[in-house]
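run06.cif follows (mmCIF, C-alpha atoms):
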```cif
data_work
loop_
_atom_site.label_atom_id
_atom_site.label_comp_id
_atom_site.auth_asym_id
_atom_site.auth_seq_id
_atom_site.Cartn_x
_atom_site.Cartn_y
_atom_site.Cartn_z
CA MET A 17 -46.43 -57.86 132.02
CA SER A 18 -44.71 -60.91 130.61
CA GLY A 19 -42.12 -61.59 127.95
CA ASN A 20 -40.64 -58.58 126.23
CA GLU A 21 -43.75 -56.42 125.88
CA GLY A 22 -41.77 -53.65 127.53
CA THR A 23 -39.43 -53.17 124.59
CA LEU A 24 -42.16 -53.57 122.03
CA LEU A 25 -44.44 -50.78 120.91
CA LEU A 26 -47.33 -53.06 120.13
CA ARG A 27 -47.99 -56.70 120.70
CA ALA A 28 -51.04 -58.86 119.98
CA ARG A 29 -51.53 -62.41 121.16
CA SER A 30 -54.11 -64.88 119.88
CA LEU A 31 -56.18 -61.96 118.70
CA THR A 32 -59.50 -63.26 117.45
CA LYS A 33 -62.63 -61.64 116.08
CA THR A 34 -65.76 -63.62 115.35
CA PHE A 35 -68.88 -62.04 113.94
CA ALA A 36 -72.08 -63.94 114.60
CA GLY A 37 -75.47 -63.09 113.19
CA ASP A 38 -78.43 -64.74 111.43
CA GLY A 39 -77.10 -68.15 112.41
CA VAL A 40 -73.87 -67.54 110.48
CA VAL A 41 -70.53 -67.31 112.25
CA VAL A 42 -67.71 -65.49 110.48
CA HIS A 43 -64.16 -65.90 111.75
CA ALA A 44 -62.75 -62.56 110.62
CA VAL A 45 -59.43 -62.84 112.48
CA ARG A 46 -58.11 -66.05 114.02
CA GLU A 47 -55.43 -66.33 116.69
CA ALA A 48 -53.29 -63.53 115.31
CA ASP A 49 -49.91 -63.00 116.97
CA LEU A 50 -47.91 -59.98 115.94
CA SER A 51 -45.62 -57.33 117.28
CA LEU A 52 -44.22 -53.98 116.29
CA ARG A 53 -41.03 -52.39 117.57
CA PRO A 54 -40.71 -48.64 118.05
CA GLY A 55 -39.99 -47.00 114.70
CA GLU A 56 -40.81 -50.11 112.68
CA PHE A 57 -42.83 -49.97 109.44
CA VAL A 58 -44.96 -53.08 108.95
CA ALA A 59 -47.38 -53.77 106.10
CA VAL A 60 -50.33 -56.17 106.35
CA ILE A 61 -51.45 -57.63 103.04
CA GLY A 62 -54.05 -60.17 101.95
CA PRO A 63 -57.08 -60.50 99.69
CA SER A 64 -60.21 -58.52 100.48
CA GLY A 65 -62.13 -60.26 103.22
CA SER A 66 -58.98 -61.77 104.70
CA GLY A 67 -59.41 -59.77 107.91
CA LYS A 68 -56.81 -57.02 107.40
CA SER A 69 -59.06 -54.12 108.31
CA THR A 70 -60.67 -55.93 111.24
CA LEU A 71 -57.21 -56.65 112.60
CA LEU A 72 -56.18 -53.00 112.29
CA HIS A 73 -59.43 -51.80 113.86
CA MET A 74 -58.92 -54.07 116.85
CA LEU A 75 -55.35 -52.81 117.28
CA GLY A 76 -56.63 -49.23 117.27
CA GLY A 77 -59.50 -49.94 119.65
CA LEU A 78 -62.20 -49.34 117.04
CA GLU A 79 -63.43 -52.91 117.34
CA LYS A 80 -63.43 -55.11 120.40
CA PRO A 81 -61.66 -58.46 120.04
CA THR A 82 -63.67 -61.60 120.73
CA ARG A 83 -60.59 -63.03 122.37
CA GLY A 84 -56.88 -62.35 122.79
CA GLU A 85 -54.58 -59.67 124.16
CA ILE A 86 -53.32 -56.31 122.93
CA TRP A 87 -50.38 -54.61 124.59
CA LEU A 88 -49.47 -51.04 123.73
CA GLN A 89 -46.25 -49.58 125.14
CA GLY A 90 -46.19 -52.26 127.82
CA GLN A 91 -49.76 -51.70 128.92
CA ARG A 92 -52.53 -54.20 128.33
CA VAL A 93 -55.30 -52.38 126.48
CA ASP A 94 -57.71 -54.92 125.00
CA GLY A 95 -60.09 -54.63 127.92
CA LEU A 96 -60.26 -50.83 127.98
CA SER A 97 -63.59 -49.02 127.74
CA GLN A 98 -64.36 -47.03 124.61
CA ALA A 99 -63.69 -43.80 126.51
CA ARG A 100 -60.25 -44.99 127.64
CA TRP A 101 -59.47 -46.12 124.11
CA ALA A 102 -60.45 -42.69 122.80
CA MET A 103 -58.01 -41.12 125.29
CA LEU A 104 -55.29 -43.50 124.20
CA ARG A 105 -55.84 -42.72 120.53
CA ARG A 106 -55.75 -38.96 121.10
CA ARG A 107 -52.39 -39.22 122.81
CA HIS A 108 -50.59 -42.13 121.21
CA ILE A 109 -52.19 -43.32 117.98
CA GLY A 110 -52.71 -41.68 114.60
CA PHE A 111 -55.30 -43.12 112.23
CA VAL A 112 -55.53 -42.77 108.45
CA PHE A 113 -58.55 -44.21 106.65
CA GLN A 114 -59.34 -45.02 103.04
CA PHE A 115 -62.02 -42.32 102.84
CA PHE A 116 -60.07 -39.60 104.68
CA ASN A 117 -62.84 -38.94 107.29
CA LEU A 118 -62.03 -35.25 107.57
CA VAL A 119 -64.48 -33.01 109.40
CA SER A 120 -66.23 -31.34 106.48
CA ASN A 121 -67.41 -28.13 108.18
CA MET A 122 -63.95 -27.26 109.50
CA THR A 123 -61.03 -25.84 107.54
CA VAL A 124 -57.98 -27.90 106.69
CA ALA A 125 -56.02 -26.05 109.39
CA ASP A 126 -58.66 -26.69 112.05
CA ASN A 127 -58.86 -30.39 111.19
CA VAL A 128 -55.16 -30.70 111.93
CA GLU A 129 -55.06 -28.35 114.94
CA LEU A 130 -57.99 -30.06 116.61
CA ALA A 131 -56.08 -33.34 116.62
CA ALA A 132 -53.05 -31.63 118.17
CA LEU A 133 -55.21 -29.93 120.83
CA MET A 134 -56.91 -33.19 121.70
CA GLY A 135 -53.49 -34.75 122.00
CA GLY A 136 -52.67 -32.28 124.75
CA ALA A 137 -50.93 -29.48 122.86
CA SER A 138 -51.49 -25.82 123.75
CA ARG A 139 -53.20 -23.63 121.15
CA LYS A 140 -49.85 -22.10 120.25
CA GLN A 141 -48.17 -25.50 119.92
CA ALA A 142 -51.09 -26.80 117.86
CA THR A 143 -50.82 -23.91 115.41
CA ALA A 144 -47.06 -24.39 115.09
CA ARG A 145 -47.46 -28.11 114.54
CA ARG A 146 -50.17 -27.57 111.94
CA ARG A 147 -47.97 -25.06 110.06
CA GLU A 148 -45.04 -27.45 110.13
CA LEU A 149 -47.04 -30.48 108.92
CA LEU A 150 -49.04 -28.74 106.19
CA GLY A 151 -45.83 -27.11 104.99
CA GLU A 152 -44.06 -30.45 104.80
CA LEU A 153 -46.98 -31.98 102.93
CA GLY A 154 -47.10 -29.10 100.46
CA LEU A 155 -50.50 -27.89 101.68
CA GLY A 156 -49.55 -24.65 103.39
CA ALA A 157 -51.58 -22.62 100.91
CA LYS A 158 -54.71 -24.70 101.53
CA ALA A 159 -54.90 -24.12 105.29
CA ASP A 160 -58.10 -22.05 105.17
CA THR A 161 -59.83 -24.22 102.57
CA ALA A 162 -62.71 -26.60 103.26
CA PRO A 163 -61.69 -30.26 102.78
CA ALA A 164 -64.39 -30.81 100.14
CA ARG A 165 -62.64 -28.34 97.84
CA LEU A 166 -59.49 -30.48 97.77
CA SER A 167 -58.67 -33.42 95.51
CA GLY A 168 -58.65 -36.92 97.00
CA GLY A 169 -54.88 -36.95 97.13
CA GLU A 170 -54.81 -33.60 98.96
CA GLN A 171 -57.50 -34.73 101.41
CA GLN A 172 -55.47 -37.82 102.22
CA ARG A 173 -52.39 -35.67 102.85
CA VAL A 174 -54.47 -33.57 105.25
CA ALA A 175 -55.66 -36.77 106.92
CA LEU A 176 -52.02 -37.78 107.29
CA ALA A 177 -51.17 -34.40 108.83
CA ARG A 178 -54.07 -34.83 111.24
CA ALA A 179 -52.93 -38.35 112.15
CA MET A 180 -49.45 -37.10 112.92
CA ALA A 181 -50.48 -33.89 114.68
CA ASN A 182 -50.17 -35.45 118.15
CA ARG A 183 -46.78 -37.02 117.36
CA PRO A 184 -48.25 -40.51 117.83
CA ALA A 185 -46.10 -43.43 118.89
CA LEU A 186 -48.01 -45.51 116.37
CA LEU A 187 -49.53 -44.60 113.02
CA LEU A 188 -52.26 -46.96 111.82
CA ALA A 189 -53.17 -46.68 108.13
CA ASP A 190 -56.12 -48.54 106.63
CA GLU A 191 -55.86 -48.67 102.81
CA PRO A 192 -54.72 -45.05 102.65
CA THR A 193 -54.30 -45.19 98.86
CA GLY A 194 -57.34 -47.36 98.18
CA ASN A 195 -59.23 -44.42 96.74
CA LEU A 196 -56.40 -42.52 95.04
CA ASP A 197 -54.92 -42.37 91.55
CA SER A 198 -51.37 -43.62 91.06
CA GLY A 199 -49.75 -40.19 91.30
CA SER A 200 -51.43 -39.37 94.62
CA SER A 201 -50.68 -42.88 95.89
CA ALA A 202 -47.00 -42.36 95.18
CA ALA A 203 -47.13 -39.02 97.05
CA VAL A 204 -48.79 -40.60 100.11
CA LEU A 205 -46.28 -43.45 100.09
CA GLY A 206 -43.45 -40.93 99.86
CA LEU A 207 -44.82 -39.12 102.92
CA LEU A 208 -45.19 -42.33 104.92
CA ALA A 209 -41.65 -43.34 103.96
CA ARG A 210 -40.33 -39.96 105.08
CA ALA A 211 -42.22 -40.16 108.39
CA HIS A 212 -40.79 -43.65 108.87
CA ALA A 213 -37.28 -42.38 108.15
CA ASP A 214 -37.88 -39.82 110.92
CA GLY A 215 -38.66 -42.66 113.32
CA GLN A 216 -42.42 -43.00 112.98
CA ALA A 217 -43.76 -46.51 113.67
CA ILE A 218 -46.35 -47.43 111.04
CA LEU A 219 -48.76 -50.33 110.67
CA LEU A 220 -50.17 -50.19 107.17
CA VAL A 221 -53.00 -52.32 105.81
CA THR A 222 -52.98 -52.33 102.03
CA HIS A 223 -53.72 -54.34 98.94
CA ASP A 224 -51.22 -52.18 97.05
CA LEU A 225 -48.20 -54.45 97.04
CA ARG A 226 -45.88 -51.84 95.64
CA MET A 227 -46.67 -49.82 98.74
CA ALA A 228 -46.29 -52.85 101.00
CA SER A 229 -42.85 -53.55 99.55
CA ALA A 230 -41.58 -50.29 101.07
CA ALA A 231 -42.14 -51.67 104.61
CA ASP A 232 -39.52 -53.23 106.89
CA ARG A 233 -41.67 -56.30 107.33
CA VAL A 234 -44.70 -57.77 105.57
CA ILE A 235 -47.45 -59.80 107.25
CA SER A 236 -49.72 -61.88 104.98
CA LEU A 237 -53.25 -62.67 106.06
CA PHE A 238 -55.37 -65.38 104.54
CA ASP A 239 -58.81 -66.36 105.78
CA GLY A 240 -58.25 -64.38 108.97
CA MET A 241 -54.97 -66.13 109.77
CA ILE A 242 -51.43 -64.83 109.58
CA VAL A 243 -49.73 -67.15 107.09
CA ASP A 244 -46.48 -65.23 106.77
CA ASP A 245 -44.63 -62.62 108.80
CA ALA A 246 -41.19 -61.88 107.40
CA PRO A 247 -38.74 -59.01 107.06
CA MET A 248 -38.44 -57.64 103.55
CA THR A 249 -35.41 -59.33 102.07
CA ILE A 250 -33.29 -56.98 100.07
CA PRO A 251 -31.76 -58.89 97.16
CA HIS A 252 -28.00 -59.34 97.59
CA ARG A 253 -27.35 -58.38 94.00
CA PRO A 254 -28.96 -55.35 92.41
CA MET A 255 -32.21 -56.18 90.70
CA LEU A 256 -31.87 -56.13 86.96
CA LEU A 257 -34.84 -55.52 84.74
CA PRO A 258 -34.27 -58.62 82.58
CA ASP A 259 -35.02 -60.69 85.71
CA VAL A 260 -38.61 -59.65 85.12
CA LEU A 261 -38.88 -58.42 81.59
CA LYS A 262 -36.78 -59.54 78.64
CA LEU A 263 -36.94 -57.35 75.58
CA ARG A 264 -36.89 -59.12 72.25
CA GLY A 265 -36.13 -57.90 68.79
CA MET B 21 -30.76 -57.72 69.21
CA ARG B 22 -31.04 -57.68 65.42
CA MET B 23 -34.01 -55.37 65.10
CA PRO B 24 -32.88 -52.65 67.54
CA LEU B 25 -29.59 -52.36 65.65
CA LEU B 26 -31.41 -52.14 62.31
CA ALA B 27 -33.76 -49.53 63.77
CA LEU B 28 -30.82 -47.41 64.95
CA LEU B 29 -29.15 -47.72 61.54
CA ALA B 30 -32.38 -46.60 59.86
CA LYS B 31 -31.62 -43.14 61.22
CA GLU B 32 -27.99 -42.93 60.04
CA PRO B 33 -24.95 -45.10 59.40
CA ALA B 34 -22.90 -45.87 62.51
CA HIS B 35 -20.10 -48.05 63.83
CA GLY B 36 -20.39 -50.59 66.60
CA TYR B 37 -19.46 -48.39 69.53
CA GLU B 38 -21.86 -45.67 68.43
CA LEU B 39 -24.67 -48.22 68.33
CA LYS B 40 -23.79 -49.44 71.81
CA SER B 41 -23.80 -45.96 73.29
CA GLN B 42 -27.06 -45.10 71.55
CA LEU B 43 -28.69 -48.17 73.11
CA GLU B 44 -27.37 -47.10 76.50
CA GLN B 45 -28.78 -43.63 75.95
CA ILE B 46 -32.23 -44.93 75.12
CA PHE B 47 -32.68 -47.70 77.68
CA GLY B 48 -30.62 -46.26 80.50
CA GLU B 49 -28.75 -48.15 83.17
CA ALA B 50 -31.83 -50.11 84.14
CA TYR B 51 -31.56 -52.36 81.13
CA PRO B 52 -28.12 -53.75 80.33
CA THR B 53 -26.85 -53.17 76.81
CA PRO B 54 -25.18 -56.09 74.99
CA ASN B 55 -21.40 -55.99 75.02
CA ILE B 56 -19.49 -54.77 72.00
CA GLY B 57 -18.63 -58.32 70.94
CA GLN B 58 -22.29 -59.30 70.74
CA ILE B 59 -23.02 -56.17 68.74
CA TYR B 60 -20.28 -56.92 66.19
CA VAL B 61 -21.37 -60.55 65.82
CA THR B 62 -24.95 -59.40 65.21
CA LEU B 63 -23.79 -56.81 62.66
CA GLN B 64 -21.80 -59.48 60.79
CA ARG B 65 -24.87 -61.71 60.63
CA LEU B 66 -27.03 -58.83 59.43
CA GLU B 67 -24.46 -58.17 56.70
CA ARG B 68 -24.41 -61.86 55.72
CA ASP B 69 -28.22 -61.71 55.41
CA GLY B 70 -28.04 -58.64 53.19
CA LEU B 71 -29.73 -56.28 55.61
CA VAL B 72 -26.71 -54.03 56.19
CA ARG B 73 -23.48 -53.30 54.34
CA SER B 74 -20.25 -51.91 55.74
CA GLN B 75 -17.15 -50.10 54.71
CA ASP B 76 -13.91 -49.19 56.43
CA VAL B 77 -13.34 -45.55 57.15
CA VAL B 78 -9.70 -44.60 57.33
CA GLN B 79 -8.69 -42.67 60.42
CA THR B 80 -5.30 -41.06 60.74
CA THR B 81 -4.61 -41.23 64.46
CA ARG B 82 -6.61 -44.37 65.27
CA PRO B 83 -7.28 -47.75 63.69
CA ASN B 84 -9.80 -47.75 60.85
CA LYS B 85 -13.41 -48.04 61.86
CA ARG B 86 -16.08 -50.07 60.12
CA VAL B 87 -19.24 -48.10 59.47
CA TYR B 88 -22.48 -49.94 58.88
CA GLU B 89 -25.48 -48.74 56.90
CA LEU B 90 -28.85 -50.17 56.07
CA THR B 91 -29.59 -51.79 52.70
CA ASP B 92 -33.02 -51.43 51.07
CA ALA B 93 -33.86 -54.92 52.30
CA GLY B 94 -32.81 -53.87 55.80
CA ARG B 95 -35.02 -50.79 55.71
CA GLU B 96 -37.95 -52.92 54.59
CA ALA B 97 -37.31 -55.37 57.42
CA VAL B 98 -37.32 -52.59 60.04
CA VAL B 99 -40.57 -51.08 58.77
CA GLU B 100 -42.23 -54.49 58.70
CA TRP B 101 -41.02 -55.27 62.22
CA VAL B 102 -42.21 -51.98 63.67
CA ASP B 103 -45.61 -52.16 62.00
CA LYS B 104 -46.46 -55.69 63.11
CA ALA B 105 -48.24 -56.39 66.39
CA SER B 106 -45.97 -58.43 68.66
CA GLU B 107 -46.97 -62.03 69.18
CA GLY B 108 -45.62 -64.66 71.50
CA PRO B 109 -45.68 -65.27 75.24
CA ARG B 110 -44.47 -62.53 77.54
CA VAL B 111 -44.22 -64.72 80.61
CA ARG B 112 -42.28 -67.93 81.03
CA ASP B 113 -43.09 -69.19 84.46
CA GLU B 114 -41.15 -71.91 86.19
CA PHE B 115 -42.87 -71.33 89.48
CA PHE B 116 -46.25 -72.44 88.19
CA MET B 117 -44.80 -75.72 86.94
CA LYS B 118 -43.44 -76.33 90.43
CA LEU B 119 -46.78 -75.48 91.98
CA ALA B 120 -48.70 -77.74 89.61
CA LEU B 121 -46.29 -80.66 89.89
CA SER B 122 -44.85 -80.40 93.40
CA HIS B 123 -47.09 -83.15 94.80
CA LEU B 124 -45.63 -85.60 92.28
CA ALA B 125 -42.19 -85.02 93.77
CA GLY B 126 -43.59 -85.80 97.19
CA THR B 127 -43.49 -82.23 98.47
CA SER B 128 -46.98 -81.00 99.02
CA ASP B 129 -46.25 -77.80 100.90
CA ARG B 130 -47.95 -75.58 98.38
CA LEU B 131 -48.52 -72.78 100.86
CA GLY B 132 -44.79 -72.72 101.62
CA LEU B 133 -44.05 -72.59 97.89
CA ILE B 134 -46.40 -69.65 97.44
CA ILE B 135 -45.06 -67.80 100.47
CA ARG B 136 -41.43 -68.12 99.40
CA GLN B 137 -42.30 -66.95 95.91
CA ARG B 138 -44.24 -63.98 97.29
CA ARG B 139 -41.27 -62.92 99.41
CA LEU B 140 -39.04 -62.97 96.34
CA TYR B 141 -41.51 -61.01 94.20
CA LEU B 142 -41.97 -58.42 96.95
CA ALA B 143 -38.20 -57.98 97.25
CA GLN B 144 -37.96 -57.57 93.48
CA LEU B 145 -40.87 -55.14 93.53
CA ARG B 146 -39.10 -53.06 96.14
CA SER B 147 -35.85 -52.77 94.23
CA LEU B 148 -37.68 -51.96 91.00
CA ALA B 149 -39.75 -49.31 92.79
CA GLU B 150 -36.51 -47.75 94.03
CA LEU B 151 -35.09 -47.94 90.51
CA ALA B 152 -38.24 -46.29 89.11
CA ALA B 153 -38.01 -43.47 91.64
CA ALA B 154 -34.47 -42.74 90.47
CA ALA B 155 -35.23 -42.91 86.73
CA ASP B 156 -35.66 -39.43 85.32
CA ARG B 157 -36.09 -40.14 81.61
CA PRO B 158 -39.37 -41.50 80.21
CA VAL B 159 -38.17 -44.54 78.22
CA PRO B 160 -36.20 -46.20 81.04
CA ARG B 161 -38.88 -45.23 83.54
CA LEU B 162 -41.65 -46.78 81.42
CA LEU B 163 -39.58 -49.92 81.01
CA ILE B 164 -39.22 -50.21 84.79
CA GLU B 165 -42.93 -49.44 85.31
CA GLY B 166 -43.72 -52.22 82.83
CA ALA B 167 -41.64 -54.68 84.82
CA ILE B 168 -43.34 -53.53 88.04
CA LEU B 169 -46.79 -54.09 86.57
CA HIS B 170 -45.74 -57.58 85.46
CA LEU B 171 -44.58 -58.30 89.00
CA GLN B 172 -47.83 -57.02 90.44
CA ALA B 173 -49.71 -59.33 88.07
CA ASP B 174 -47.50 -62.21 89.22
CA LEU B 175 -48.33 -61.37 92.83
CA ASP B 176 -52.06 -61.23 92.03
CA TRP B 177 -51.71 -64.57 90.30
CA LEU B 178 -50.02 -66.04 93.39
CA GLN B 179 -52.97 -64.83 95.42
CA ARG B 180 -55.35 -66.54 93.00
CA CYS B 181 -53.37 -69.78 93.20
CA GLN B 182 -53.50 -69.57 96.99
CA GLU B 183 -57.26 -69.03 96.97
CA GLU B 184 -58.02 -71.84 94.56
CA LEU B 185 -55.51 -74.51 95.48
CA LEU B 186 -55.39 -74.21 99.27
#
```
Would you put the structure from the file into structure tokens?
Amino acid sequence: MSGNEGTLLLRARSLTKTFAGDGVVVHAVREADLSLRPGEFVAVIGPSGSGKSTLLHMLGGLEKPTRGEIWLQGQRVDGLSQARWAMLRRRHIGFVFQFFNLVSNMTVADNVELAALMGGASRKQATARRRELLGELGLGAKADTAPARLSGGEQQRVALARAMANRPALLLADEPTGNLDSGSSAAVLGLLARAHADGQAILLVTHDLRMASAADRVISLFDGMIVDDAPMTIPHRPMLLPDVLKLRG
Amino acid sequence: MRMPLLALLAKEPAHGYELKSQLEQIFGEAYPTPNIGQIYVTLQRLERDGLVRSQDVVQTTRPNKRVYELTDAGREAVVEWVDKASEGPRVRDEFFMKLALSHLAGTSDRLGLIIRQRRLYLAQLRSLAELAAAADRPVPRLLIEGAILHLQADLDWLQRCQEELL
């Protein structure tokens, strides 16, 4: 270990992903350096094709970097096998995807409990955790329902419950509101914000800038490169509407 | 400021302070209401232009108050204003002038310009989103949502500038 990886939850150095095929080389992510402290909420923004999702997938072990290092809780993980990554995810990482990815032939309750069990919980603990999470997310009454019978917004809340079932050190969210209407998006953002307030570290990839603005820090990607990485600055005077919109009449 | 006051007076005659508090009621804290001085100056101009007339109402325990009411011409002006589609630019953008002309001033760090502007817009977006979450009445909330959507468009525009100019 070098530097201050020990105090950081996640750190990436010179992370690079190049796709090559049919004589064309695509530099999806180039030399990305980033870090996340425990409990921090960081948003990654950028136009589609800028490499946001590839970056997140590498950080969650779903895609292997071409080059570079990933450190999670002080341990270097970029070289791990897929099986070791799967272990790591079950214990320490929660994932939320744009299209929910719930297991369709299992009930809502079982989707959440399975994640807790795989994270090492006993059956009793898993049931308690599922009750707690679905209750918090307002889905207690839907526990025995099949995911397909739920609205998109409800499915994403279940996906969030599943991602948090193992009390992950890190929650990775890939466009979690990309497929939701504005009301459901606001609900999902509210839940993420509440989890963050409870100490959950979150790395969120989104093109929804209203959502990104709720983060502690925003990273901008452009053409696979990080062009900005800055804490959200809270204006020193309260924002007044006429700064944006002046009414005339 | 002229037309909102005329519109309020179209409902019933009122004095300056009543008009101010009605504006506050409608637009909420999110949008600052003009001070009482501005309201009285506007009312005087409206009277000069024949759109309102006023008379003093004697009060026993307090100073007299001046109550304003709409004239026929004033009522016509309100109806015409409300019925007409609103023309004119909604955005006056200084940033774009800087972006377009920065190289003439010898500073060609366009990416830096865009990044600084994006940070500001994001900070504004955040405080407006917090304001919107706290707004419980529809008119103020819609006003804040409108400002948020404008900001989102500005941010999209920044992205477009970045893609095309850099």
| Interface residues on chain B facing chain A, 9 Å, only C-alpha atoms, written as a count of residues only | 35
| message | For a quick check of your reading of the model, name the residues lying within 12 Å of the coordinate (-26.7, -41.5, 58.0), counting only C-alpha atoms, and write them as an MDAnalysis selection string. | response | chainID B and resid 28:35 87:91
Requested write-out: C-alpha atoms of the selected residues, as a PDB file, keeping the file's coordinate frame:
```pdb
ATOM      1  CA  LEU B  28     -30.820 -47.410  64.950  1.00  0.00           C
ATOM      2  CA  LEU B  29     -29.150 -47.720  61.540  1.00  0.00           C
ATOM      3  CA  ALA B  30     -32.380 -46.600  59.860  1.00  0.00           C
ATOM      4  CA  LYS B  31     -31.620 -43.140  61.220  1.00  0.00           C
ATOM      5  CA  GLU B  32     -27.990 -42.930  60.040  1.00  0.00           C
ATOM      6  CA  PRO B  33     -24.950 -45.100  59.400  1.00  0.00           C
ATOM      7  CA  ALA B  34     -22.900 -45.870  62.510  1.00  0.00           C
ATOM      8  CA  HIS B  35     -20.100 -48.050  63.830  1.00  0.00           C
ATOM      9  CA  VAL B  87     -19.240 -48.100  59.470  1.00  0.00           C
ATOM     10  CA  TYR B  88     -22.480 -49.940  58.880  1.00  0.00           C
ATOM     11  CA  GLU B  89     -25.480 -48.740  56.900  1.00  0.00           C
ATOM     12  CA  LEU B  90     -28.850 -50.170  56.070  1.00  0.00           C
ATOM     13  CA  THR B  91     -29.590 -51.790  52.700  1.00  0.00           C
TER      14      THR B  91
END
```
| task | Check what the PyMOL selection byres ((chain B and resi 54-64) around 8) selects in the file above and give those residues as a list of chain:residue names. | result | B:Met21, B:Arg22, B:Leu25, B:Gly36, B:Tyr37, B:Lys40, B:Pro52, B:Thr53, B:Arg65, B:Leu66, B:Glu67, B:Arg68, B:Val72, B:Tyr88
| field | Target residues per the PyMOL selection byres ((chain B and resi 185) around 12), formatted as an MDAnalysis selection string | value | chainID B and resid 116 119:120 128:131 133:134 177:184 186
| message | So the first atom is atom CA of A:Gly76 and the second is atom CA of A:Gln141; what is the distance between them in Å, to one decimal place? | response |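 Interatomic distance here is 25.3 Å.
Near A:Ser201, within 9 Å and counting only C-alpha atoms, sit Gly169, Pro192, Thr193, Gly194, Asn195, Leu196, Gly206 and Met227 of chain A, not including residues fewer than 5 positions from it in the same chain.
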Could you dump the residues just selected with C-alpha atoms as a PDB file, keeping the file's coordinate frame?
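The new file result_29.pdb reads:
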```pdb
ATOM      1  CA  GLY A 169     -54.880 -36.950  97.130  1.00  0.00           C
ATOM      2  CA  PRO A 192     -54.720 -45.050 102.650  1.00  0.00           C
ATOM      3  CA  THR A 193     -54.300 -45.190  98.860  1.00  0.00           C
ATOM      4  CA  GLY A 194     -57.340 -47.360  98.180  1.00  0.00           C
ATOM      5  CA  ASN A 195     -59.230 -44.420  96.740  1.00  0.00           C
ATOM      6  CA  LEU A 196     -56.400 -42.520  95.040  1.00  0.00           C
ATOM      7  CA  GLY A 206     -43.450 -40.930  99.860  1.00  0.00           C
ATOM      8  CA  MET A 227     -46.670 -49.820  98.740  1.00  0.00           C
TER       9      MET A 227
END
```
| Out of B:His123, B:Arg157, B:Arg73, B:Arg95, which residue has the shortest atom-to-atom distance to B:Leu26 when counting all atoms listed in the file? | B:Arg95
| request: Check what the PyMOL selection byres ((chain A and resi 152) around 12) selects in the file above and give those residues as a ChimeraX atom specification. | output: /A:145-151,153-157,173-174,176-177,180,203,206-208,210-211
Draw an axis-aligned box tight on the listed atoms of stretch 29-36 of chain B, then pad every side by 8 Å and write out centre and edge lengths in Å to one decimal as AutoDock Vina command-line options.
```
--center_x -26.2 --center_y -46.8 --center_z 63.0 --size_x 28.3 --size_y 23.7 --size_z 23.2
```
| field | Pairwise distance for atom CA of A:Gly77 and atom CA of A:Pro184, rounded to one decimal in Å | value | 14.8 Å
| query | Hey, can you check how far atom CA of B:Pro83 sits from atom CA of B:Leu43? | reply | 23.4 Å
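Residues in contact range of A:Asn127, defined as at most 10 Å between all atoms listed in the file, with sequence neighbours fewer than 3 positions away removed, read A:Leu118, A:Val119, A:Ser120, A:Asn121, A:Met122, A:Thr123, A:Val124, A:Leu130, A:Ala131, A:Ala132, A:Arg146, A:Ala159, A:Ala162, A:Pro163, A:Val174, A:Ala175, A:Ala177, A:Arg178, A:Ala179, A:Ala181.
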